[in-house]
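Just work04.json here, JSON, C-alpha atoms:
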[["chain", "number", "residue", "atom", "x", "y", "z"],
["C", 153, "MET", "CA", 12.20, -26.70, -26.40],
["C", 154, "LYS", "CA", 15.07, -29.16, -26.55],
["C", 155, "LYS", "CA", 17.23, -29.45, -29.61],
["C", 156, "SER", "CA", 16.07, -32.99, -30.38],
["C", 157, "GLU", "CA", 12.43, -31.95, -30.16],
["C", 158, "LYS", "CA", 13.12, -29.08, -32.44],
["C", 159, "LEU", "CA", 14.74, -31.38, -34.99],
["C", 160, "GLU", "CA", 11.81, -33.74, -34.80],
["C", 161, "LEU", "CA", 9.40, -30.89, -35.44],
["C", 162, "ILE", "CA", 11.43, -29.68, -38.39],
["C", 163, "ASN", "CA", 11.54, -33.18, -39.83],
["C", 164, "LYS", "CA", 7.81, -33.62, -39.37],
["C", 165, "HIS", "CA", 7.01, -30.54, -41.40],
["C", 166, "SER", "CA", 9.76, -30.69, -43.97],
["C", 167, "PRO", "CA", 8.71, -31.43, -47.54],
["C", 168, "HIS", "CA", 10.99, -34.45, -47.66],
["C", 169, "THR", "CA", 9.25, -36.51, -44.95],
["C", 170, "ARG", "CA", 5.84, -35.48, -46.20],
["C", 171, "CYS", "CA", 6.89, -36.67, -49.62],
["C", 172, "VAL", "CA", 7.92, -40.09, -48.31],
["C", 173, "LYS", "CA", 4.69, -40.42, -46.34],
["C", 174, "ASN", "CA", 2.57, -39.49, -49.37],
["C", 175, "PHE", "CA", 4.56, -41.92, -51.49],
["C", 176, "CYS", "CA", 3.87, -44.79, -49.06],
["C", 177, "LEU", "CA", 0.18, -43.91, -48.69],
["C", 178, "ALA", "CA", -0.28, -43.72, -52.47],
["C", 179, "PHE", "CA", 1.42, -47.09, -52.82],
["C", 180, "ILE", "CA", -0.76, -48.74, -50.16],
["C", 181, "PHE", "CA", -4.09, -47.40, -51.47],
["C", 182, "GLY", "CA", -3.15, -48.08, -55.09],
["C", 183, "ALA", "CA", -2.06, -51.60, -54.17],
["C", 184, "VAL", "CA", -5.32, -52.32, -52.34],
["C", 185, "ILE", "CA", -7.46, -51.06, -55.23],
["C", 186, "CYS", "CA", -5.50, -53.02, -57.84],
["C", 187, "GLY", "CA", -5.34, -56.14, -55.65],
["C", 188, "VAL", "CA", -9.11, -56.07, -55.13],
["C", 189, "GLY", "CA", -9.48, -55.38, -58.87],
["C", 190, "GLU", "CA", -7.46, -58.50, -59.71],
["C", 191, "GLY", "CA", -9.71, -60.51, -57.40],
["C", 192, "LEU", "CA", -12.75, -59.07, -59.20],
["C", 193, "ILE", "CA", -11.29, -60.02, -62.59],
["C", 194, "TYR", "CA", -11.08, -63.59, -61.30],
["C", 195, "LEU", "CA", -14.63, -63.37, -59.93],
["C", 196, "PHE", "CA", -16.06, -62.07, -63.22],
["C", 197, "SER", "CA", -14.25, -64.77, -65.25],
["C", 198, "TYR", "CA", -15.57, -67.34, -62.78],
["C", 199, "LEU", "CA", -19.07, -65.99, -63.38],
["C", 200, "GLY", "CA", -18.64, -66.53, -67.11],
["C", 201, "ALA", "CA", -17.22, -63.26, -68.51],
["C", 202, "ASP", "CA", -14.61, -63.79, -71.24],
["C", 203, "GLU", "CA", -11.01, -62.61, -71.20],
["C", 204, "ARG", "CA", -11.90, -59.21, -72.65],
["C", 205, "SER", "CA", -15.00, -58.50, -70.58],
["C", 206, "SER", "CA", -13.76, -59.28, -67.09],
["C", 207, "PRO", "CA", -11.17, -56.44, -66.84],
["C", 208, "MET", "CA", -13.71, -54.11, -68.48],
["C", 209, "LEU", "CA", -16.40, -55.07, -65.95],
["C", 210, "THR", "CA", -13.89, -54.51, -63.14],
["C", 211, "THR", "CA", -13.09, -51.03, -64.48],
["C", 212, "LEU", "CA", -16.82, -50.26, -64.74],
["C", 213, "PHE", "CA", -17.37, -51.50, -61.18],
["C", 214, "PHE", "CA", -14.76, -49.07, -59.84],
["C", 215, "ILE", "CA", -16.20, -46.17, -61.88],
["C", 216, "PHE", "CA", -19.61, -46.95, -60.39],
["C", 217, "LEU", "CA", -18.28, -47.32, -56.84],
["C", 218, "ALA", "CA", -16.20, -44.12, -56.96],
["C", 219, "SER", "CA", -19.18, -42.12, -58.20],
["C", 220, "ILE", "CA", -21.45, -43.37, -55.40],
["C", 221, "LEU", "CA", -18.77, -42.74, -52.77],
["C", 222, "THR", "CA", -18.30, -39.23, -54.13],
["C", 223, "GLY", "CA", -22.04, -38.66, -53.81],
["C", 224, "PHE", "CA", -21.99, -39.64, -50.15],
["C", 225, "GLY", "CA", -18.93, -37.42, -49.58],
["C", 226, "LEU", "CA", -16.81, -40.40, -48.57],
["C", 227, "PHE", "CA", -14.44, -40.32, -51.52],
["C", 228, "ASP", "CA", -12.84, -37.03, -50.45],
["C", 229, "VAL", "CA", -12.19, -38.45, -46.98],
["C", 230, "ILE", "CA", -10.29, -41.38, -48.50],
["C", 231, "ALA", "CA", -8.61, -39.36, -51.26],
["C", 232, "LYS", "CA", -7.23, -36.83, -48.74],
["C", 233, "ARG", "CA", -5.00, -39.59, -47.39],
["C", 234, "ALA", "CA", -4.56, -41.72, -50.49],
["C", 235, "GLY", "CA", -3.52, -38.95, -52.90],
["C", 236, "ALA", "CA", -2.49, -40.53, -56.17],
["C", 237, "GLY", "CA", -3.50, -43.94, -54.79],
["C", 238, "THR", "CA", -7.12, -43.18, -55.63],
["C", 239, "LEU", "CA", -6.41, -40.61, -58.36],
["C", 240, "VAL", "CA", -4.55, -42.80, -60.84],
["C", 241, "PRO", "CA", -6.90, -45.81, -60.96],
["C", 242, "VAL", "CA", -10.17, -45.10, -62.81],
["C", 243, "THR", "CA", -11.66, -44.11, -59.45],
["C", 244, "GLY", "CA", -9.93, -40.72, -59.81],
["C", 245, "PHE", "CA", -11.44, -40.17, -63.25],
["C", 246, "SER", "CA", -14.91, -41.09, -62.02],
["C", 247, "ASN", "CA", -14.55, -38.93, -58.90],
["C", 248, "ALA", "CA", -13.47, -35.94, -60.97],
["C", 249, "VAL", "CA", -16.50, -36.28, -63.26],
["C", 250, "THR", "CA", -19.00, -36.69, -60.41],
["C", 251, "SER", "CA", -17.59, -34.01, -58.11],
["C", 252, "GLU", "CA", -17.46, -31.44, -60.92],
["C", 253, "ALA", "CA", -21.08, -32.26, -61.76],
["C", 254, "MET", "CA", -22.16, -31.93, -58.12],
["C", 255, "ASP", "CA", -20.31, -28.66, -57.53],
["C", 256, "SER", "CA", -21.73, -26.97, -60.61],
["C", 257, "LYS", "CA", -25.35, -27.89, -59.87],
["C", 258, "SER", "CA", -26.04, -24.36, -58.59],
["C", 259, "GLU", "CA", -25.09, -22.98, -62.01],
["C", 260, "GLY", "CA", -27.92, -24.88, -63.67],
["C", 261, "ILE", "CA", -28.40, -28.29, -65.20],
["C", 262, "ILE", "CA", -27.58, -27.53, -68.83],
["C", 263, "LEU", "CA", -24.68, -25.08, -68.74],
["C", 264, "GLY", "CA", -23.74, -25.86, -65.15],
["C", 265, "VAL", "CA", -23.71, -29.63, -64.76],
["C", 266, "GLY", "CA", -23.80, -30.36, -68.49],
["C", 267, "ALA", "CA", -20.77, -28.26, -69.32],
["C", 268, "LYS", "CA", -18.68, -28.50, -66.15],
["C", 269, "ILE", "CA", -18.95, -32.30, -65.98],
["C", 270, "PHE", "CA", -16.26, -32.26, -68.70],
["C", 271, "THR", "CA", -13.78, -30.09, -66.76],
["C", 272, "VAL", "CA", -11.49, -33.05, -66.06],
["C", 273, "ALA", "CA", -13.13, -35.72, -68.24],
["C", 274, "GLY", "CA", -12.76, -33.46, -71.31],
["C", 275, "PRO", "CA", -8.96, -33.24, -71.34],
["C", 276, "VAL", "CA", -8.61, -36.94, -70.52],
["C", 277, "ILE", "CA", -10.93, -37.99, -73.35],
["C", 278, "LEU", "CA", -9.55, -35.40, -75.79],
["C", 279, "PHE", "CA", -5.89, -36.27, -75.39],
["C", 280, "GLY", "CA", -6.56, -40.01, -75.11],
["C", 281, "ILE", "CA", -8.57, -40.03, -78.33],
["C", 282, "THR", "CA", -6.09, -37.76, -80.12],
["C", 283, "ALA", "CA", -3.21, -40.06, -79.16],
["C", 284, "GLY", "CA", -5.34, -42.92, -80.52],
["C", 285, "VAL", "CA", -5.85, -41.10, -83.85],
["C", 286, "VAL", "CA", -2.10, -40.47, -84.19],
["C", 287, "TYR", "CA", -1.48, -44.18, -83.54],
["C", 288, "GLY", "CA", -4.20, -45.07, -86.08],
["C", 289, "ILE", "CA", -2.61, -42.92, -88.79],
["C", 290, "VAL", "CA", 0.82, -44.45, -88.18],
["C", 291, "LEU", "CA", -0.66, -47.96, -88.18],
["C", 292, "PHE", "CA", -2.67, -47.34, -91.35],
["C", 293, "PHE", "CA", 0.34, -46.16, -93.33],
["C", 294, "TYR", "CA", 2.43, -48.97, -91.93],
["C", 295, "TYR", "CA", -0.12, -51.47, -93.26],
["C", 296, "LEU", "CA", -0.34, -49.59, -96.55],
["C", 297, "PHE", "CA", 3.38, -49.65, -97.26],
["C", 298, "SER", "CA", 4.38, -52.93, -95.66],
["C", 299, "GLY", "CA", 1.70, -54.71, -97.70],
["C", 300, "GLY", "CA", 1.37, -57.40, -95.05],
["C", 301, "ILE", "CA", -2.29, -56.76, -94.38],
["C", 302, "VAL", "CA", -4.44, -55.30, -97.11],
["C", 303, "VAL", "CA", -6.39, -52.33, -95.77],
["C", 304, "SER", "CA", -9.17, -50.49, -97.55],
["C", 305, "PHE", "CA", -10.33, -46.91, -97.35],
["O", 260, "MET", "CA", -2.31, -68.97, -58.99],
["O", 261, "ILE", "CA", -4.82, -66.44, -57.81],
["O", 262, "ILE", "CA", -2.81, -65.30, -54.75],
["O", 263, "THR", "CA", 0.35, -64.63, -56.80],
["O", 264, "ASP", "CA", -1.69, -62.74, -59.39],
["O", 265, "ILE", "CA", -3.32, -60.57, -56.72],
["O", 266, "ILE", "CA", 0.08, -59.77, -55.16],
["O", 267, "LEU", "CA", 1.59, -58.94, -58.57],
["O", 268, "ALA", "CA", -1.39, -56.70, -59.39],
["O", 269, "ALA", "CA", -1.20, -54.96, -56.01],
["O", 270, "VAL", "CA", 2.52, -54.30, -56.17],
["O", 271, "SER", "CA", 2.52, -53.05, -59.77],
["O", 272, "GLY", "CA", -0.58, -50.92, -59.26],
["O", 273, "GLY", "CA", 0.89, -49.51, -56.06],
["O", 274, "ILE", "CA", 4.12, -48.56, -57.81],
["O", 275, "ILE", "CA", 2.24, -46.83, -60.64],
["O", 276, "CYS", "CA", 0.23, -44.78, -58.09],
["O", 277, "ALA", "CA", 3.27, -44.00, -55.95],
["O", 278, "LEU", "CA", 5.17, -42.74, -59.01],
["O", 279, "ALA", "CA", 2.27, -40.40, -59.79],
["O", 280, "GLN", "CA", 2.35, -39.15, -56.18],
["O", 281, "LEU", "CA", 6.06, -38.47, -56.56],
["O", 282, "LEU", "CA", 5.38, -36.49, -59.75],
["O", 283, "ILE", "CA", 2.72, -34.44, -57.93],
["O", 284, "ASP", "CA", 4.96, -33.73, -54.94],
["O", 285, "LEU", "CA", 8.24, -33.06, -56.73],
["O", 286, "THR", "CA", 7.06, -31.30, -59.87],
["O", 287, "LYS", "CA", 4.33, -28.79, -60.40],
["O", 288, "LEU", "CA", 2.13, -31.30, -62.25],
["O", 289, "THR", "CA", -1.53, -30.96, -61.22],
["O", 290, "PRO", "CA", -3.72, -34.08, -60.79],
["O", 291, "ALA", "CA", -5.54, -33.34, -64.06],
["O", 292, "ARG", "CA", -2.22, -33.30, -65.92],
["O", 293, "ILE", "CA", -1.25, -36.61, -64.31],
["O", 294, "LEU", "CA", -4.49, -38.16, -65.59],
["O", 295, "VAL", "CA", -3.88, -36.88, -69.13],
["O", 296, "LEU", "CA", -0.25, -38.04, -68.95],
["O", 297, "TYR", "CA", -1.22, -41.56, -67.88],
["O", 298, "VAL", "CA", -3.93, -41.95, -70.53],
["O", 299, "THR", "CA", -1.59, -40.81, -73.30],
["O", 300, "LEU", "CA", 1.12, -43.08, -71.91],
["O", 301, "GLY", "CA", -1.36, -45.96, -72.06],
["O", 302, "VAL", "CA", -1.98, -45.39, -75.78],
["O", 303, "LEU", "CA", 1.78, -45.23, -76.37],
["O", 304, "ILE", "CA", 2.41, -48.43, -74.39],
["O", 305, "TYR", "CA", -0.24, -50.24, -76.43],
["O", 306, "ALA", "CA", 1.14, -48.87, -79.71],
["O", 307, "LEU", "CA", 4.59, -50.19, -78.82],
["O", 308, "GLY", "CA", 3.09, -53.63, -78.22],
["O", 309, "LEU", "CA", 4.01, -53.63, -74.52],
["O", 310, "TYR", "CA", 0.53, -53.64, -73.02],
["O", 311, "GLU", "CA", -0.51, -57.25, -73.69],
["O", 312, "PRO", "CA", 2.59, -58.79, -72.05],
["O", 313, "LEU", "CA", 2.30, -56.35, -69.13],
["O", 314, "TYR", "CA", -1.38, -57.17, -68.69],
["O", 315, "SER", "CA", -0.84, -60.93, -68.75],
["O", 316, "LEU", "CA", 1.75, -60.49, -66.01],
["O", 317, "PHE", "CA", 0.24, -57.78, -63.80],
["O", 318, "GLY", "CA", -3.49, -57.94, -64.61],
["O", 319, "ALA", "CA", -5.48, -55.29, -62.77],
["O", 320, "GLY", "CA", -2.23, -53.59, -61.75],
["O", 321, "VAL", "CA", -2.01, -52.10, -65.24],
["O", 322, "SER", "CA", -5.65, -52.29, -66.41],
["O", 323, "LEU", "CA", -7.17, -50.30, -63.50],
["O", 324, "PRO", "CA", -4.84, -47.27, -63.57],
["O", 325, "LEU", "CA", -5.66, -44.85, -66.38],
["O", 326, "ILE", "CA", -2.87, -46.52, -68.37],
["O", 327, "GLY", "CA", -5.38, -49.33, -68.94],
["O", 328, "PHE", "CA", -7.95, -46.81, -70.13],
["O", 329, "GLY", "CA", -5.44, -45.47, -72.66],
["O", 330, "ALA", "CA", -4.41, -48.96, -73.72],
["O", 331, "ASN", "CA", -8.08, -49.73, -74.29],
["O", 332, "ILE", "CA", -8.26, -46.78, -76.71],
["O", 333, "GLY", "CA", -5.12, -48.10, -78.43],
["O", 334, "ARG", "CA", -6.60, -51.59, -78.79],
["O", 335, "GLY", "CA", -9.83, -50.17, -80.24],
["O", 336, "VAL", "CA", -7.84, -48.22, -82.84],
["O", 337, "TYR", "CA", -5.72, -51.26, -83.68],
["O", 338, "GLU", "CA", -8.72, -53.54, -84.19],
["O", 339, "ALA", "CA", -10.73, -50.95, -86.12],
["O", 340, "VAL", "CA", -7.87, -50.05, -88.50],
["O", 341, "THR", "CA", -7.08, -53.74, -89.05],
["O", 342, "ASN", "CA", -10.70, -54.67, -89.75],
["O", 343, "GLU", "CA", -12.22, -51.56, -91.28],
["O", 344, "GLY", "CA", -9.30, -49.63, -92.75],
["O", 345, "ALA", "CA", -9.02, -45.84, -92.72],
["O", 346, "ILE", "CA", -12.35, -45.20, -90.98],
["O", 347, "GLY", "CA", -10.99, -47.14, -88.03],
["O", 348, "ILE", "CA", -8.47, -44.34, -87.33],
["O", 349, "LEU", "CA", -11.42, -42.20, -86.25],
["O", 350, "SER", "CA", -13.89, -44.75, -84.93],
["O", 351, "GLY", "CA", -11.64, -47.12, -82.99],
["O", 352, "GLY", "CA", -10.74, -45.04, -79.93],
["O", 353, "MET", "CA", -14.24, -43.97, -78.99],
["O", 354, "THR", "CA", -15.70, -47.42, -79.68],
["O", 355, "SER", "CA", -13.52, -49.29, -77.22],
["O", 356, "SER", "CA", -13.60, -46.65, -74.47],
["O", 357, "SER", "CA", -17.31, -45.87, -74.82],
["O", 358, "ALA", "CA", -18.50, -48.06, -71.94],
["O", 359, "GLY", "CA", -16.22, -46.42, -69.37],
["O", 360, "ILE", "CA", -16.84, -42.85, -70.55],
["O", 361, "THR", "CA", -20.61, -43.37, -70.76],
["O", 362, "LEU", "CA", -20.84, -44.91, -67.29],
["O", 363, "ALA", "CA", -18.70, -42.15, -65.74],
["O", 364, "LEU", "CA", -20.83, -39.41, -67.35],
["O", 365, "VAL", "CA", -24.22, -41.00, -66.62],
["O", 366, "MET", "CA", -23.21, -41.77, -63.04],
["O", 367, "GLY", "CA", -21.86, -38.22, -62.67],
["O", 368, "LEU", "CA", -25.15, -36.71, -63.80],
["O", 369, "THR", "CA", -27.31, -39.09, -61.75],
["O", 370, "THR", "CA", -25.26, -38.62, -58.59],
["O", 371, "ALA", "CA", -25.27, -34.83, -59.02],
["O", 372, "LEU", "CA", -29.05, -34.83, -59.33],
["O", 373, "ILE", "CA", -29.57, -37.05, -56.27],
["O", 374, "PHE", "CA", -26.92, -35.80, -53.83],
["O", 375, "LYS", "CA", -26.09, -32.32, -52.57],
["O", 376, "SER", "CA", -22.49, -31.15, -52.62],
["O", 377, "LYS", "CA", -21.19, -30.92, -49.06],
["O", 378, "SER", "CA", -17.69, -29.59, -49.43],
["O", 379, "LYS", "CA", -15.44, -28.13, -52.07],
["O", 380, "ARG", "CA", -13.59, -30.81, -53.91],
["O", 381, "MET", "CA", -9.84, -31.51, -54.21]]
Can you turn what I pasted into structure tokens?
Amino acid sequence: MKKSEKLELINKHSPHTRCVKNFCLAFIFGAVICGVGEGLIYLFSYLGADERSSPMLTTLFFIFLASILTGFGLFDVIAKRAGAGTLVPVTGFSNAVTSEAMDSKSEGIILGVGAKIFTVAGPVILFGITAGVVYGIVLFFYYLFSGGIVVSF
Amino acid sequence: MIITDIILAAVSGGIICALAQLLIDLTKLTPARILVLYVTLGVLIYALGLYEPLYSLFGAGVSLPLIGFGANIGRGVYEAVTNEGAIGILSGGMTSSSAGITLALVMGLTTALIFKSKSKRM
């Protein structure tokens, strides 16, 4: 093996190049999903959804799509390349819920699927909601003491 | 302009995903921790009043990543506390995020009942 070949091989397997490649792949897949999502927001507003509903409908569409793709086993094929590109948009959340549910089917419907479906969804919901409660408490006392808006108990 | 908006959404969404990939590769953060981090960050961004301007500029680029999910929780809390008072602290977050959570769970159950798991995940 020549020295240049050796170097090439080292570069190919070094964490640094892999990191750059993953970074680019995540960017591309994330960009495609969000670009398509923006197009869908336009489509839903064109179809008559208001400013609040169209991004919500887009989010719901991707949750639906990711779940179906997970069912057919296609999501893993894409996610293997995309990494965080499909993990960070809501597709990753939906995939985690569905794949946990599918994998735990053998353990039963109630304590298998019913409990394990929350393996990833649970922490996300728990910490999201808790952060919301902290924000709510801060906001409530801000209103209470600033006196700008009168709040009731 | 629709084309400019799509490009802005794609670039911003891509950057958010690429940053998460960098966090996974360079630190020991697992994907589940990234999801929790992004949702919590979304609530924080909304609380600081940054989400609305970001959304009007980047659209789906910030609403589709889990940051948007977190910001949605933040908006629910804001509206509920403003309109209903103290009860809103507890009811706001779940109210605004209920559609997404419900669809994910119902789809998860339905898909699991219909399809067979082929390979181990992640």
Considering only C-alpha atoms, can you say which of O:Leu296, O:Ile348, O:Leu278, O:Leu313 comes closest to Leu177 in chain C?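 Closest to Leu177 in chain C of all the choices is O:Leu278.
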Using all atoms listed in the file, determine which residues lie at most 10 Å from Met353 in chain O, disregarding the query and same-chain residues fewer than 6 positions distant; provide the list as a PDB file with C-alpha atoms, in the coordinates of the input.
ATOM      1  CA  ILE C 277     -10.930 -37.990 -73.350  1.00  0.00           C
ATOM      2  CA  GLY C 280      -6.560 -40.010 -75.110  1.00  0.00           C
ATOM      3  CA  ILE C 281      -8.570 -40.030 -78.330  1.00  0.00           C
ATOM      4  CA  GLY C 284      -5.340 -42.920 -80.520  1.00  0.00           C
TER       5      GLY C 284
ATOM      6  CA  ASN O 331      -8.080 -49.730 -74.290  1.00  0.00           C
ATOM      7  CA  ILE O 332      -8.260 -46.780 -76.710  1.00  0.00           C
ATOM      8  CA  GLY O 335      -9.830 -50.170 -80.240  1.00  0.00           C
ATOM      9  CA  VAL O 336      -7.840 -48.220 -82.840  1.00  0.00           C
ATOM     10  CA  ILE O 360     -16.840 -42.850 -70.550  1.00  0.00           C
TER      11      ILE O 360
END
Provide as a ChimeraX atom specification the residues of chain C at most 6 Å from chain O, counting all atoms listed in the file. /C:175,178-179,182-183,186-187,189-190,223,236-237,240-242,246,249-250,253-255,276,280-281,284-285,288,303-305
Which is closer to Ser206 in chain C than all the others in C:Thr222, C:Tyr294, C:Val184, C:Leu192, using only C-alpha atoms?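 Of C:Thr222, C:Tyr294, C:Val184, C:Leu192, the one nearest Ser206 in chain C, counting only C-alpha atoms, is C:Leu192.
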May I ask for the distance between CA of Ser156 in chain C and CA of Cys171 in chain C, given in Å to one decimal place? 21.6 Å
For CA of Ser256 in chain C and CA of Phe214 in chain C, the interatomic separation in Å (one decimal):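 Between these atoms lies a distance of 23.2 Å.
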Closest of C:Phe293, C:His168, C:Leu212, C:Glu259 to Ser357 in chain O - atom-to-atom distances counting only C-alpha atoms: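 The shortest atom-to-atom distance to Ser357 in chain O comes from C:Leu212.
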Find the distance between CA of Ile193 in chain C and CA of Leu217 in chain C and write it in Å to one decimal.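 Interatomic distance here is 15.6 Å.
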